[in-house]
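As stored in data11.csv (CSV, C-alpha atoms):
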```csv
chain,number,residue,atom,x,y,z
A,29,MET,CA,-32.5,-99.7,-7.1
A,30,ILE,CA,-29.0,-100.1,-8.6
A,31,SER,CA,-26.4,-102.8,-8.2
A,32,VAL,CA,-23.0,-101.8,-6.7
A,33,GLY,CA,-19.7,-103.5,-6.2
A,34,ILE,CA,-16.6,-102.7,-4.2
A,35,VAL,CA,-13.2,-103.7,-5.5
A,36,GLY,CA,-10.7,-104.2,-2.6
A,37,GLY,CA,-13.2,-104.3,0.2
A,38,ALA,CA,-11.3,-105.8,3.0
A,39,GLY,CA,-9.6,-102.6,4.1
A,40,TYR,CA,-10.9,-99.8,6.3
A,41,ILE,CA,-12.3,-97.7,3.4
A,42,GLY,CA,-14.0,-100.9,2.0
A,43,GLY,CA,-15.6,-101.5,5.4
A,44,GLU,CA,-16.9,-98.0,5.6
A,45,LEU,CA,-18.3,-98.1,2.1
A,46,LEU,CA,-20.1,-101.3,3.1
A,47,ARG,CA,-21.5,-99.8,6.2
A,48,LEU,CA,-22.9,-96.8,4.3
A,49,LEU,CA,-24.1,-98.8,1.3
A,50,LEU,CA,-25.9,-101.5,3.3
A,51,GLY,CA,-28.0,-98.8,4.8
A,52,HIS,CA,-28.6,-97.0,1.5
A,53,PRO,CA,-32.2,-97.4,0.3
A,54,GLU,CA,-31.3,-97.0,-3.4
A,55,VAL,CA,-28.5,-99.6,-3.8
A,56,ARG,CA,-27.9,-103.2,-3.4
A,57,VAL,CA,-24.4,-104.4,-2.8
A,58,VAL,CA,-23.9,-107.4,-5.1
A,59,ALA,CA,-20.1,-108.0,-4.7
A,60,VAL,CA,-17.2,-107.1,-2.6
A,61,THR,CA,-13.8,-108.3,-3.9
A,62,SER,CA,-10.8,-109.5,-2.0
A,63,THR,CA,-8.0,-111.7,-3.5
A,64,ARG,CA,-6.8,-112.8,-0.1
A,65,LEU,CA,-10.2,-113.5,1.5
A,66,ALA,CA,-12.3,-114.8,-1.4
A,67,GLU,CA,-15.3,-116.9,-0.2
A,68,ARG,CA,-14.8,-115.7,3.4
A,69,ARG,CA,-17.6,-113.6,5.0
A,70,VAL,CA,-17.2,-109.9,4.9
A,71,ASP,CA,-18.1,-109.5,8.6
A,72,LEU,CA,-14.9,-111.4,9.4
A,73,THR,CA,-13.0,-108.3,8.6
A,74,HIS,CA,-15.8,-105.8,9.3
A,75,PRO,CA,-17.3,-107.2,12.5
A,76,ASN,CA,-19.5,-104.1,13.1
A,77,LEU,CA,-21.6,-105.4,10.1
A,78,ARG,CA,-22.5,-108.7,11.8
A,79,GLY,CA,-26.2,-109.4,11.3
A,80,MET,CA,-26.5,-106.8,8.5
A,81,THR,CA,-25.3,-108.9,5.6
A,82,ASP,CA,-24.4,-112.5,4.6
A,83,LEU,CA,-22.1,-111.3,1.8
A,84,VAL,CA,-18.8,-113.2,1.2
A,85,TYR,CA,-15.8,-111.8,-0.6
A,86,THR,CA,-15.7,-112.4,-4.3
A,87,ALA,CA,-12.4,-113.1,-6.2
A,88,PRO,CA,-11.8,-110.1,-8.4
A,89,GLU,CA,-12.1,-112.2,-11.6
A,90,ARG,CA,-15.6,-113.2,-10.6
A,91,LEU,CA,-16.8,-109.6,-10.2
A,92,PRO,CA,-20.2,-109.3,-12.0
A,93,GLU,CA,-21.3,-106.3,-14.0
A,94,CYS,CA,-22.5,-103.5,-11.7
A,95,ASP,CA,-24.3,-100.2,-12.2
A,96,ALA,CA,-21.7,-98.6,-9.9
A,97,LEU,CA,-18.3,-99.8,-8.9
A,98,PHE,CA,-16.2,-98.4,-6.1
A,99,PHE,CA,-12.4,-98.9,-6.2
A,100,THR,CA,-10.9,-98.5,-2.7
A,101,GLY,CA,-7.3,-98.3,-3.8
A,102,SER,CA,-6.4,-101.8,-2.5
A,103,GLY,CA,-7.1,-105.1,-4.2
A,104,THR,CA,-5.2,-104.8,-7.5
A,105,SER,CA,-2.2,-102.8,-8.6
A,106,ASP,CA,-2.0,-104.5,-12.1
A,107,PRO,CA,-3.1,-101.8,-14.6
A,108,ALA,CA,-4.5,-104.4,-17.1
A,109,ALA,CA,-6.5,-106.2,-14.4
A,110,ARG,CA,-7.7,-102.9,-13.1
A,111,ALA,CA,-8.8,-101.7,-16.5
A,112,GLU,CA,-10.7,-104.9,-17.0
A,113,LEU,CA,-12.4,-104.6,-13.6
A,114,SER,CA,-13.3,-100.9,-14.3
A,115,ALA,CA,-15.1,-102.0,-17.5
A,116,ARG,CA,-17.6,-104.0,-15.3
A,117,GLY,CA,-19.0,-100.8,-13.8
A,118,LYS,CA,-21.2,-98.3,-15.7
A,119,VAL,CA,-20.2,-95.6,-13.1
A,120,VAL,CA,-16.7,-96.0,-11.5
A,121,LEU,CA,-15.8,-94.2,-8.3
A,122,ASP,CA,-12.1,-94.4,-7.5
A,123,LEU,CA,-10.9,-93.6,-4.0
A,124,SER,CA,-7.2,-94.3,-4.8
A,125,PRO,CA,-4.9,-91.4,-5.9
A,126,ASP,CA,-4.9,-92.7,-9.5
A,127,LEU,CA,-7.5,-90.3,-10.8
A,128,ARG,CA,-7.0,-87.3,-8.5
A,129,LEU,CA,-4.5,-85.3,-10.5
A,130,SER,CA,-4.6,-84.1,-14.1
A,131,ASP,CA,-1.0,-83.2,-14.8
A,132,PRO,CA,1.3,-86.3,-15.3
A,133,GLU,CA,4.4,-84.4,-14.2
A,134,VAL,CA,2.7,-83.3,-11.0
A,135,TYR,CA,1.6,-86.9,-10.4
A,136,ARG,CA,5.1,-88.2,-11.0
A,137,ARG,CA,6.6,-85.7,-8.6
A,138,HIS,CA,4.3,-86.9,-5.8
A,139,TYR,CA,3.5,-90.5,-6.5
A,140,GLY,CA,6.1,-91.7,-9.0
A,141,GLU,CA,5.2,-93.2,-12.4
A,142,HIS,CA,1.5,-93.6,-13.0
A,143,PRO,CA,0.5,-97.2,-14.0
A,144,THR,CA,-1.9,-95.9,-16.7
A,145,PRO,CA,-1.1,-92.2,-17.3
A,146,GLU,CA,-3.8,-91.9,-19.9
A,147,LEU,CA,-6.3,-91.9,-17.1
A,148,LEU,CA,-4.9,-88.7,-15.6
A,149,GLY,CA,-7.5,-85.9,-16.3
A,150,SER,CA,-10.1,-88.4,-17.4
A,151,ALA,CA,-12.2,-88.3,-14.3
A,152,VAL,CA,-14.5,-85.8,-12.6
A,153,ARG,CA,-13.3,-85.0,-9.1
A,154,GLY,CA,-15.7,-86.3,-6.4
A,155,LEU,CA,-15.9,-83.3,-4.2
A,156,PRO,CA,-19.5,-82.3,-4.3
A,157,GLU,CA,-19.0,-78.8,-2.9
A,158,LEU,CA,-16.8,-77.9,-5.8
A,159,ASP,CA,-17.9,-80.4,-8.5
A,160,ARG,CA,-21.7,-80.8,-8.1
A,161,GLU,CA,-22.7,-79.9,-11.7
A,162,ALA,CA,-19.9,-82.0,-13.3
A,163,LEU,CA,-20.8,-85.0,-11.2
A,164,THR,CA,-24.4,-85.2,-12.6
A,165,GLY,CA,-23.0,-86.5,-15.9
A,166,ALA,CA,-19.8,-88.3,-14.7
A,167,ASP,CA,-19.1,-91.9,-15.3
A,168,ARG,CA,-15.6,-91.9,-13.9
A,169,ILE,CA,-15.2,-90.1,-10.6
A,170,GLY,CA,-11.9,-89.6,-8.6
A,171,VAL,CA,-12.5,-89.1,-4.9
A,172,PRO,CA,-9.9,-86.8,-3.3
A,173,GLY,CA,-7.7,-87.6,-0.3
A,174,CYS,CA,-8.8,-87.1,3.2
A,175,MET,CA,-6.5,-84.3,4.4
A,176,ALA,CA,-6.8,-82.7,0.9
A,177,THR,CA,-10.6,-82.6,1.3
A,178,ALA,CA,-10.4,-80.9,4.7
A,179,ALA,CA,-7.9,-78.4,3.4
A,180,ILE,CA,-9.7,-77.7,0.2
A,181,LEU,CA,-13.0,-77.1,2.0
A,182,ALA,CA,-11.3,-74.8,4.5
A,183,LEU,CA,-9.6,-72.7,1.9
A,184,THR,CA,-12.1,-72.5,-0.9
A,185,PRO,CA,-14.4,-69.7,0.4
A,186,LEU,CA,-11.4,-67.5,0.8
A,187,THR,CA,-9.5,-68.4,-2.4
A,188,GLU,CA,-12.7,-68.0,-4.5
A,189,ALA,CA,-13.3,-64.6,-3.0
A,190,GLY,CA,-9.7,-63.6,-3.5
A,191,LEU,CA,-9.2,-62.9,0.2
A,192,VAL,CA,-6.0,-64.8,0.9
A,193,GLU,CA,-2.5,-64.9,-0.5
A,194,PRO,CA,-1.7,-68.0,-2.5
A,195,GLU,CA,1.2,-69.1,-0.2
A,196,VAL,CA,-0.4,-71.2,2.6
A,197,VAL,CA,1.1,-73.6,5.1
A,198,VAL,CA,-1.0,-76.7,5.8
A,199,ASP,CA,-0.5,-78.8,9.0
A,200,GLY,CA,-2.4,-82.1,8.8
A,201,ARG,CA,-3.1,-84.4,11.7
A,202,VAL,CA,-4.6,-87.8,11.0
A,203,GLY,CA,-5.6,-90.9,12.9
A,204,SER,CA,-4.0,-94.3,12.4
A,205,SER,CA,-6.8,-95.7,10.1
A,206,GLY,CA,-5.5,-93.2,7.5
A,207,SER,CA,-2.5,-95.5,6.9
A,208,GLY,CA,-4.7,-98.4,6.0
A,209,ALA,CA,-5.3,-101.9,7.3
A,210,SER,CA,-2.0,-103.5,6.5
A,211,ALA,CA,0.1,-103.5,9.6
A,212,GLY,CA,3.8,-102.9,9.4
A,213,GLU,CA,6.3,-102.9,12.2
A,214,MET,CA,5.9,-99.2,12.7
A,215,ASN,CA,2.2,-99.7,13.4
A,216,LEU,CA,2.6,-102.2,16.2
A,217,HIS,CA,0.7,-101.0,19.2
A,218,ALA,CA,3.9,-100.7,21.2
A,219,GLU,CA,5.4,-98.4,18.5
A,220,ARG,CA,2.2,-96.5,17.6
A,221,SER,CA,0.5,-95.9,20.9
A,222,GLY,CA,1.0,-92.4,22.3
A,223,VAL,CA,3.1,-91.1,19.4
A,224,LEU,CA,2.8,-87.8,17.5
A,225,ARG,CA,4.5,-89.1,14.4
A,226,LEU,CA,5.5,-86.4,12.0
A,227,PHE,CA,5.6,-88.8,9.1
A,228,ALA,CA,5.7,-86.1,6.4
A,229,PRO,CA,7.6,-83.1,7.8
A,230,ALA,CA,7.4,-81.3,4.4
A,231,GLY,CA,6.0,-81.9,0.9
A,232,HIS,CA,3.1,-84.2,1.8
A,233,ARG,CA,1.6,-85.5,-1.4
A,234,HIS,CA,-1.8,-83.9,-0.8
A,235,GLU,CA,-0.2,-80.6,-1.6
A,236,ALA,CA,-0.8,-81.4,-5.3
A,237,GLU,CA,-4.6,-81.8,-4.9
A,238,ILE,CA,-4.9,-78.7,-2.7
A,239,ALA,CA,-3.0,-76.7,-5.3
A,240,GLN,CA,-5.1,-78.1,-8.2
A,241,ALA,CA,-8.4,-77.3,-6.4
A,242,THR,CA,-7.7,-73.9,-4.8
A,243,GLY,CA,-4.9,-72.3,-6.9
A,244,THR,CA,-2.8,-71.9,-3.9
A,245,THR,CA,0.9,-73.0,-3.5
A,246,PRO,CA,0.6,-75.0,-0.3
A,247,ARG,CA,3.5,-76.3,1.8
A,248,MET,CA,2.2,-79.3,3.8
A,249,ALA,CA,3.3,-81.4,6.7
A,250,ALA,CA,1.4,-84.2,8.3
A,251,THR,CA,1.4,-85.9,11.7
A,252,GLY,CA,0.0,-89.3,12.7
A,253,VAL,CA,-1.7,-88.8,16.0
A,254,ASP,CA,-2.9,-91.1,18.7
A,255,ALA,CA,-6.4,-91.6,17.4
A,256,VAL,CA,-8.0,-94.3,15.2
A,257,ARG,CA,-10.1,-91.9,13.0
A,258,GLY,CA,-10.2,-88.3,12.3
A,259,VAL,CA,-8.4,-85.6,10.3
A,260,GLN,CA,-7.8,-82.0,11.4
A,261,VAL,CA,-5.9,-79.6,9.1
A,262,VAL,CA,-4.6,-76.3,10.5
A,263,ILE,CA,-3.8,-73.8,7.7
A,264,ARG,CA,-1.8,-70.6,8.2
A,265,ALA,CA,-2.7,-68.0,5.6
A,266,ARG,CA,-2.4,-64.2,5.1
A,267,THR,CA,-5.1,-62.0,3.8
A,268,VAL,CA,-4.7,-59.9,0.7
A,269,GLY,CA,-4.6,-56.4,2.3
A,270,GLU,CA,-6.8,-55.6,5.2
A,271,VAL,CA,-9.8,-57.9,5.5
A,272,SER,CA,-12.1,-57.8,8.5
A,273,GLU,CA,-13.1,-60.9,10.5
A,274,ARG,CA,-16.7,-60.2,9.4
A,275,GLU,CA,-15.7,-60.4,5.8
A,276,ILE,CA,-14.0,-63.7,6.4
A,277,ARG,CA,-17.0,-65.1,8.2
A,278,ALA,CA,-19.3,-63.8,5.5
A,279,ALA,CA,-17.2,-65.6,2.8
A,280,TYR,CA,-17.6,-68.9,4.6
A,281,ARG,CA,-21.3,-68.3,5.4
A,282,ASN,CA,-22.2,-67.4,1.8
A,283,ARG,CA,-20.1,-70.2,0.2
A,284,TYR,CA,-21.6,-73.0,2.3
A,285,ARG,CA,-25.0,-71.7,3.1
A,286,ASP,CA,-26.8,-74.5,1.2
A,287,GLU,CA,-24.2,-77.3,1.7
A,288,PRO,CA,-25.7,-80.2,3.6
A,289,PHE,CA,-22.3,-81.5,4.9
A,290,VAL,CA,-20.2,-78.4,5.5
A,291,ARG,CA,-20.7,-76.4,8.6
A,292,LEU,CA,-19.0,-73.2,9.8
A,293,VAL,CA,-17.7,-73.6,13.3
A,294,ALA,CA,-16.1,-70.5,14.7
A,295,GLN,CA,-17.7,-69.8,18.0
A,296,LYS,CA,-17.1,-67.6,20.9
A,297,ARG,CA,-18.1,-70.1,23.6
A,298,GLY,CA,-18.5,-73.8,24.2
A,299,ASN,CA,-16.2,-76.8,24.4
A,300,TYR,CA,-15.7,-77.1,20.6
A,301,ARG,CA,-15.2,-73.6,19.3
A,302,LEU,CA,-13.3,-74.6,16.2
A,303,PRO,CA,-13.6,-77.8,14.1
A,304,GLU,CA,-12.8,-81.0,16.1
A,305,PRO,CA,-12.8,-84.3,14.4
A,306,LYS,CA,-13.7,-86.3,17.5
A,307,ILE,CA,-17.4,-85.3,17.3
A,308,LEU,CA,-17.5,-86.0,13.5
A,309,LEU,CA,-16.6,-89.7,13.7
A,310,GLY,CA,-18.8,-91.8,11.5
A,311,SER,CA,-20.5,-88.7,10.0
A,312,ASN,CA,-20.2,-87.2,6.6
A,313,PHE,CA,-19.7,-83.7,7.9
A,314,CYS,CA,-16.7,-81.5,7.3
A,315,ASP,CA,-16.5,-78.6,9.8
A,316,VAL,CA,-14.5,-75.6,8.8
A,317,GLY,CA,-13.6,-72.5,10.8
A,318,PHE,CA,-11.1,-69.8,11.3
A,319,ALA,CA,-9.5,-67.4,13.7
A,320,ALA,CA,-8.0,-64.1,12.9
A,321,ALA,CA,-5.1,-62.6,14.8
A,322,PRO,CA,-6.2,-59.0,15.7
A,323,GLY,CA,-4.2,-56.2,14.1
A,324,THR,CA,-2.4,-58.5,11.6
A,325,ARG,CA,-3.2,-60.2,8.3
A,326,ASP,CA,-2.6,-63.6,9.8
A,327,LEU,CA,-5.4,-66.2,9.6
A,328,THR,CA,-5.6,-69.7,11.1
A,329,LEU,CA,-8.0,-71.8,9.1
A,330,VAL,CA,-9.2,-75.2,10.4
A,331,GLY,CA,-10.9,-78.1,8.7
A,332,ALA,CA,-12.0,-81.4,10.4
A,333,LEU,CA,-13.6,-84.6,9.2
A,334,ASP,CA,-13.7,-88.4,9.6
A,335,ASN,CA,-11.0,-89.6,7.2
A,336,LEU,CA,-13.0,-92.7,6.3
A,337,VAL,CA,-16.3,-90.9,5.7
A,338,LYS,CA,-16.2,-87.3,4.4
A,339,GLY,CA,-12.5,-88.0,3.7
A,340,GLY,CA,-13.3,-91.1,1.6
A,341,ALA,CA,-16.3,-93.4,1.6
A,342,GLY,CA,-19.0,-90.8,2.5
A,343,ASN,CA,-17.7,-88.4,-0.1
A,344,ALA,CA,-17.9,-91.2,-2.7
A,345,VAL,CA,-21.5,-92.1,-1.7
A,346,GLN,CA,-22.5,-88.4,-1.8
A,347,SER,CA,-20.9,-88.2,-5.3
A,348,LEU,CA,-22.9,-91.3,-6.4
A,349,ASN,CA,-26.1,-89.8,-5.0
A,350,ILE,CA,-25.5,-86.7,-7.1
A,351,ARG,CA,-24.6,-88.7,-10.2
A,352,MET,CA,-27.8,-90.8,-9.9
A,353,GLY,CA,-30.0,-87.7,-9.2
A,354,TRP,CA,-30.9,-88.8,-5.7
A,355,ASP,CA,-31.0,-86.5,-2.7
A,356,GLU,CA,-27.3,-86.3,-1.9
A,357,ARG,CA,-27.9,-86.9,1.8
A,358,THR,CA,-29.3,-90.3,1.1
A,359,GLY,CA,-27.7,-92.9,3.3
A,360,LEU,CA,-25.5,-90.3,5.0
A,361,GLY,CA,-27.7,-89.1,7.8
A,362,PHE,CA,-25.7,-90.2,10.8
A,363,PRO,CA,-24.7,-87.1,12.8
A,364,GLY,CA,-21.8,-88.4,14.8
A,365,LEU,CA,-21.6,-89.1,18.5
A,366,HIS,CA,-21.2,-87.1,21.6
A,367,PRO,CA,-19.8,-87.9,24.0
A,368,ILE,CA,-17.4,-90.3,22.4
B,2,MET,CA,-40.7,-64.2,14.9
B,3,ALA,CA,-38.3,-61.4,14.0
B,4,VAL,CA,-34.9,-61.7,12.3
B,5,LYS,CA,-32.1,-59.5,13.6
B,6,SER,CA,-28.5,-59.4,12.7
B,7,CYS,CA,-26.0,-60.6,15.3
B,8,PRO,CA,-23.9,-57.5,16.3
B,9,GLU,CA,-20.9,-59.8,16.7
B,10,CYS,CA,-20.8,-61.8,13.5
B,11,VAL,CA,-23.7,-60.4,11.4
B,12,ALA,CA,-25.4,-63.8,11.1
B,13,ASP,CA,-29.2,-63.9,11.1
B,14,VAL,CA,-30.7,-64.4,14.6
B,15,VAL,CA,-34.3,-65.3,14.9
B,16,VAL,CA,-36.0,-63.6,17.9
B,17,SER,CA,-39.2,-65.0,19.4
B,18,GLU,CA,-42.3,-62.6,19.5
B,19,THR,CA,-42.6,-63.4,23.2
B,20,ILE,CA,-39.1,-62.4,24.1
B,21,GLU,CA,-38.7,-60.0,27.0
B,22,ARG,CA,-36.4,-57.1,27.6
B,23,ASN,CA,-33.0,-58.0,29.0
B,24,GLU,CA,-33.5,-61.6,28.0
B,25,ILE,CA,-30.3,-63.3,26.9
B,26,ILE,CA,-30.4,-65.2,23.6
B,27,GLU,CA,-27.6,-67.0,21.7
B,28,CYS,CA,-26.4,-66.6,18.2
B,29,GLY,CA,-26.5,-69.9,16.4
B,30,GLU,CA,-23.4,-69.2,14.4
B,31,CYS,CA,-20.8,-67.7,16.6
B,32,ALA,CA,-22.5,-68.8,19.9
B,33,GLY,CA,-22.2,-65.3,21.3
B,34,GLU,CA,-24.5,-64.2,24.1
B,35,LEU,CA,-26.9,-61.4,23.0
B,36,GLU,CA,-29.1,-59.3,25.2
B,37,VAL,CA,-32.4,-57.8,24.2
B,38,VAL,CA,-31.9,-54.2,25.1
B,39,SER,CA,-35.2,-52.9,23.8
B,40,LEU,CA,-38.5,-54.2,22.5
B,41,ASP,CA,-39.7,-51.3,20.5
B,42,PRO,CA,-37.8,-51.1,18.3
B,43,LEU,CA,-36.4,-54.6,18.8
B,44,THR,CA,-32.7,-54.2,19.5
B,45,ILE,CA,-30.1,-56.7,20.5
B,46,ALA,CA,-26.6,-56.1,21.7
B,47,VAL,CA,-23.6,-58.2,22.8
B,48,ALA,CA,-24.3,-59.2,26.3
B,49,PRO,CA,-21.8,-58.0,28.9
B,50,GLU,CA,-19.2,-60.5,30.0
B,51,PRO,CA,-19.7,-61.7,33.6
B,52,GLU,CA,-17.2,-60.0,35.8
B,53,GLU,CA,-15.6,-61.5,38.8
B,54,ASP,CA,-18.1,-60.1,41.3
B,55,TRP,CA,-21.0,-60.1,38.9
B,56,GLY,CA,-24.2,-60.9,40.7
B,57,GLU,CA,-22.7,-60.7,44.2
```
Rewritten as C-alpha cells:
Amino acid sequence: MISVGIVGGAGYIGGELLRLLLGHPEVRVVAVTSTRLAERRVDLTHPNLRGMTDLVYTAPERLPECDALFFTGSGTSDPAARAELSARGKVVLDLSPDLRLSDPEVYRRHYGEHPTPELLGSAVRGLPELDREALTGADRIGVPGCMATAAILALTPLTEAGLVEPEVVVDGRVGSSGSGASAGEMNLHAERSGVLRLFAPAGHRHEAEIAQATGTTPRMAATGVDAVRGVQVVIRARTVGEVSEREIRAAYRNRYRDEPFVRLVAQKRGNYRLPEPKILLGSNFCDVGFAAAPGTRDLTLVGALDNLVKGGAGNAVQSLNIRMGWDERTGLGFPGLHPI
Amino acid sequence: MAVKSCPECVADVVVSETIERNEIIECGECAGELEVVSLDPLTIAVAPEPEEDWGE
C-alpha cells in the first residue's frame, strides 16, 4: 500500500479524487490540502464522503512526503510553493493545464505566460489509451483536459489509420462542474439554470492538446449546458478519399478492442445509439462513436465522458495504476447509473 | 457456440448451438437485429424491418 496526497482538494476534482482513492485497495490517503479550509473536515465540502473518512484538510506547508501526489490545479498558483510541494511526492500527477503542452509558444497562445516554462515537455501525458508504455516509468504525469480527452479518444482511431483529413471542427458541450467550485456571478443559479452558454465560440484552449495528440488542426467551440456533470464532443471530419462505414467501424474496433474504459457506441437501435454522457456519470468510461453521411465524405464523430472522472480524476487514478504496475481498472469499477 | 460475422457491421456475433431457424438475435456492437436464415450451414442475415401491417 502506498501513501497519497491531494494538493488543492476542496474543489470538485479534489472531491472526485478522494471518492476514488478512498475506495482504492492499494492506496492510503494521508493528506488533502486546502489553504482556506485547513483543519476542517473534508466531508464538509464533499458530503457524499460522510462516514468514509475522518480526514481533515491540511495546510499546504504541512503536506507530508507521499509516494504519489495529485495536483488538482487549485490550491496554489505560486510557482516556488508549487515546486516545493511537488518535491514531496515521488510520483506527481498534475491535473492542471501546466504540464499538458510541450511547446512554450503554443502554451502562451492559449493560456498566457507559463509560471515555470521549464516544466513544459517534462511530463508524460496521462492518457492511458495513448501513453500506456510511457506511463510505466513516469514520475511526472500531466493529465489532459476533459473535453480534450473525449475529442482525442474519438479522433485517434481514424487519425492513426490515416482515414480523415487533418481539418476537423470540434463542438464541445460541458456541464457546470467543468468550470470549478468557485462561484462567480455568472454561475448564480438564476443566471446559469436553463442556459446553453456558448462560452468559447471559437479557439477553445483544448484545441492545442487535441492538435498535439492527434496531428489534426482542430477548430473548437464549447458550450456550457444545463447539466452538472458530463462532456460530449461532436466532431465534424472528412474522410481521405472514399472510406466505407465498415472501414471506419473496423478502425474503432481494432484500436480499442483491449481498452478497459473505451467503448464503441454506434448502434442501429436503442435509446442511446451514440455516446451520451448522462449514463456515464461517476464512471471512468469514455464512449466513442460515429455516423457517416451516405454518399459523402462527411463524418460525425462523438465522444462522451464524465468530466470529473475519465475527464480528470479517474484518468489520473488509471494512470497511477499503470505507473505502479497494478491492474489499471483498480478502484475504477463503478459502471455508471441508469436511469439517472 | 459458433462465431459468425454480423452482415451489417462485420463484428463477431456468437451464436448458440441450440439456436433455431428464423430466430432473431442481436449484434452486440451495432445492436442490429439478425435472423438465422439457415442452420446447415449456419447463416445469419439482417432481419427485415417490421412494416406497418407486419403481423396483422
Shell around Ala32 in chain B at 10 Å using only C-alpha atoms, local window under 6 positions removed, as an MDAnalysis selection string: (chainID A and resid 293:298 301) or (chainID B and resid 9:10 26)
Take the residues just selected and output them with C-alpha atoms as a JSON list (two decimals), in the frame of the given file.
```json
[["chain", "number", "residue", "atom", "x", "y", "z"],
["A", 293, "VAL", "CA", -17.70, -73.60, 13.30],
["A", 294, "ALA", "CA", -16.10, -70.50, 14.70],
["A", 295, "GLN", "CA", -17.70, -69.80, 18.00],
["A", 296, "LYS", "CA", -17.10, -67.60, 20.90],
["A", 297, "ARG", "CA", -18.10, -70.10, 23.60],
["A", 298, "GLY", "CA", -18.50, -73.80, 24.20],
["A", 301, "ARG", "CA", -15.20, -73.60, 19.30],
["B", 9, "GLU", "CA", -20.90, -59.80, 16.70],
["B", 10, "CYS", "CA", -20.80, -61.80, 13.50],
["B", 26, "ILE", "CA", -30.40, -65.20, 23.60]]
```
Selection near range 115-124 of chain A, 9 Å with all atoms listed in the file, sequence-local residues under 2 positions removed, as number ranges by chain: A: 32-33, 41, 91-102, 110-113, 126-128, 154, 166-173, 340-341, 344-345, 347-348, 351
Exercise: Val14 in chain B partners within 8 Å, only C-alpha atoms, chain neighbours under 3 positions left out, as JSON, numbers by chain: {"B": [4, 5, 6, 7, 28, 29]}
For Gly165 in chain A: contacts at 10 Å, all atoms listed in the file, fewer than 4 positions along chain excluded, given as a VMD selection string: chain A and resid 119 152 160 to 161 350 to 353
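Around Glu275 in chain A, within 12 Å and counting only C-alpha atoms, the residues found are Pro185, Leu186, Ala189, Gly190, Leu191, Val192, Thr267, Glu270, Tyr280, Arg281, Asn282, Phe318 and Ala320 of chain A; Cys10, Val11 and Ala12 of chain B, once anything fewer than 5 positions away on its own chain is removed.
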Using all atoms listed in the file: which of B:Val37, B:Ala48, B:Ile20, B:Cys31 has the shortest distance to chain A: B:Cys31
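CA of Val58 in chain A lies 19.3 Å from CA of Gln346 in chain A.
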Å distance separating CA of Pro305 in chain A from CA of Leu226 in chain A, one decimal place: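 So the two atoms, CA of Pro305 in chain A and CA of Leu226 in chain A, lie 18.6 Å apart.
With all atoms listed in the file as the atoms that count, the minimum distance from chain B to the choices A:His74, A:Lys338, A:Arg274, A:His232 is reached by A:Arg274.
Closest approach to chain B from the set A:Ala265, A:Ala239, A:Val271, A:Ala278 is made by A:Ala278, with distances taken over all atoms listed in the file.
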Between CA of Val196 in chain A and CA of Leu224 in chain A - distance in Å to one decimal: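 It comes out at 22.5 Å.
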Expected residue set, 12 Å radius at (-16.8, -75.8, 0.2), all atoms listed in the file, as a VMD selection string: chain A and resid 155 to 160 177 to 188 241 to 242 279 to 292 313 to 317 331
Please produce an output containing C-alpha atoms for each residue in the selection, written as a PDB file, in the coordinates of the input.
```pdb
ATOM      1  CA  LEU A 155     -15.900 -83.300  -4.200  1.00  0.00           C
ATOM      2  CA  PRO A 156     -19.500 -82.300  -4.300  1.00  0.00           C
ATOM      3  CA  GLU A 157     -19.000 -78.800  -2.900  1.00  0.00           C
ATOM      4  CA  LEU A 158     -16.800 -77.900  -5.800  1.00  0.00           C
ATOM      5  CA  ASP A 159     -17.900 -80.400  -8.500  1.00  0.00           C
ATOM      6  CA  ARG A 160     -21.700 -80.800  -8.100  1.00  0.00           C
ATOM      7  CA  THR A 177     -10.600 -82.600   1.300  1.00  0.00           C
ATOM      8  CA  ALA A 178     -10.400 -80.900   4.700  1.00  0.00           C
ATOM      9  CA  ALA A 179      -7.900 -78.400   3.400  1.00  0.00           C
ATOM     10  CA  ILE A 180      -9.700 -77.700   0.200  1.00  0.00           C
ATOM     11  CA  LEU A 181     -13.000 -77.100   2.000  1.00  0.00           C
ATOM     12  CA  ALA A 182     -11.300 -74.800   4.500  1.00  0.00           C
ATOM     13  CA  LEU A 183      -9.600 -72.700   1.900  1.00  0.00           C
ATOM     14  CA  THR A 184     -12.100 -72.500  -0.900  1.00  0.00           C
ATOM     15  CA  PRO A 185     -14.400 -69.700   0.400  1.00  0.00           C
ATOM     16  CA  LEU A 186     -11.400 -67.500   0.800  1.00  0.00           C
ATOM     17  CA  THR A 187      -9.500 -68.400  -2.400  1.00  0.00           C
ATOM     18  CA  GLU A 188     -12.700 -68.000  -4.500  1.00  0.00           C
ATOM     19  CA  ALA A 241      -8.400 -77.300  -6.400  1.00  0.00           C
ATOM     20  CA  THR A 242      -7.700 -73.900  -4.800  1.00  0.00           C
ATOM     21  CA  ALA A 279     -17.200 -65.600   2.800  1.00  0.00           C
ATOM     22  CA  TYR A 280     -17.600 -68.900   4.600  1.00  0.00           C
ATOM     23  CA  ARG A 281     -21.300 -68.300   5.400  1.00  0.00           C
ATOM     24  CA  ASN A 282     -22.200 -67.400   1.800  1.00  0.00           C
ATOM     25  CA  ARG A 283     -20.100 -70.200   0.200  1.00  0.00           C
ATOM     26  CA  TYR A 284     -21.600 -73.000   2.300  1.00  0.00           C
ATOM     27  CA  ARG A 285     -25.000 -71.700   3.100  1.00  0.00           C
ATOM     28  CA  ASP A 286     -26.800 -74.500   1.200  1.00  0.00           C
ATOM     29  CA  GLU A 287     -24.200 -77.300   1.700  1.00  0.00           C
ATOM     30  CA  PRO A 288     -25.700 -80.200   3.600  1.00  0.00           C
ATOM     31  CA  PHE A 289     -22.300 -81.500   4.900  1.00  0.00           C
ATOM     32  CA  VAL A 290     -20.200 -78.400   5.500  1.00  0.00           C
ATOM     33  CA  ARG A 291     -20.700 -76.400   8.600  1.00  0.00           C
ATOM     34  CA  LEU A 292     -19.000 -73.200   9.800  1.00  0.00           C
ATOM     35  CA  PHE A 313     -19.700 -83.700   7.900  1.00  0.00           C
ATOM     36  CA  CYS A 314     -16.700 -81.500   7.300  1.00  0.00           C
ATOM     37  CA  ASP A 315     -16.500 -78.600   9.800  1.00  0.00           C
ATOM     38  CA  VAL A 316     -14.500 -75.600   8.800  1.00  0.00           C
ATOM     39  CA  GLY A 317     -13.600 -72.500  10.800  1.00  0.00           C
ATOM     40  CA  GLY A 331     -10.900 -78.100   8.700  1.00  0.00           C
TER      41      GLY A 331
END
```
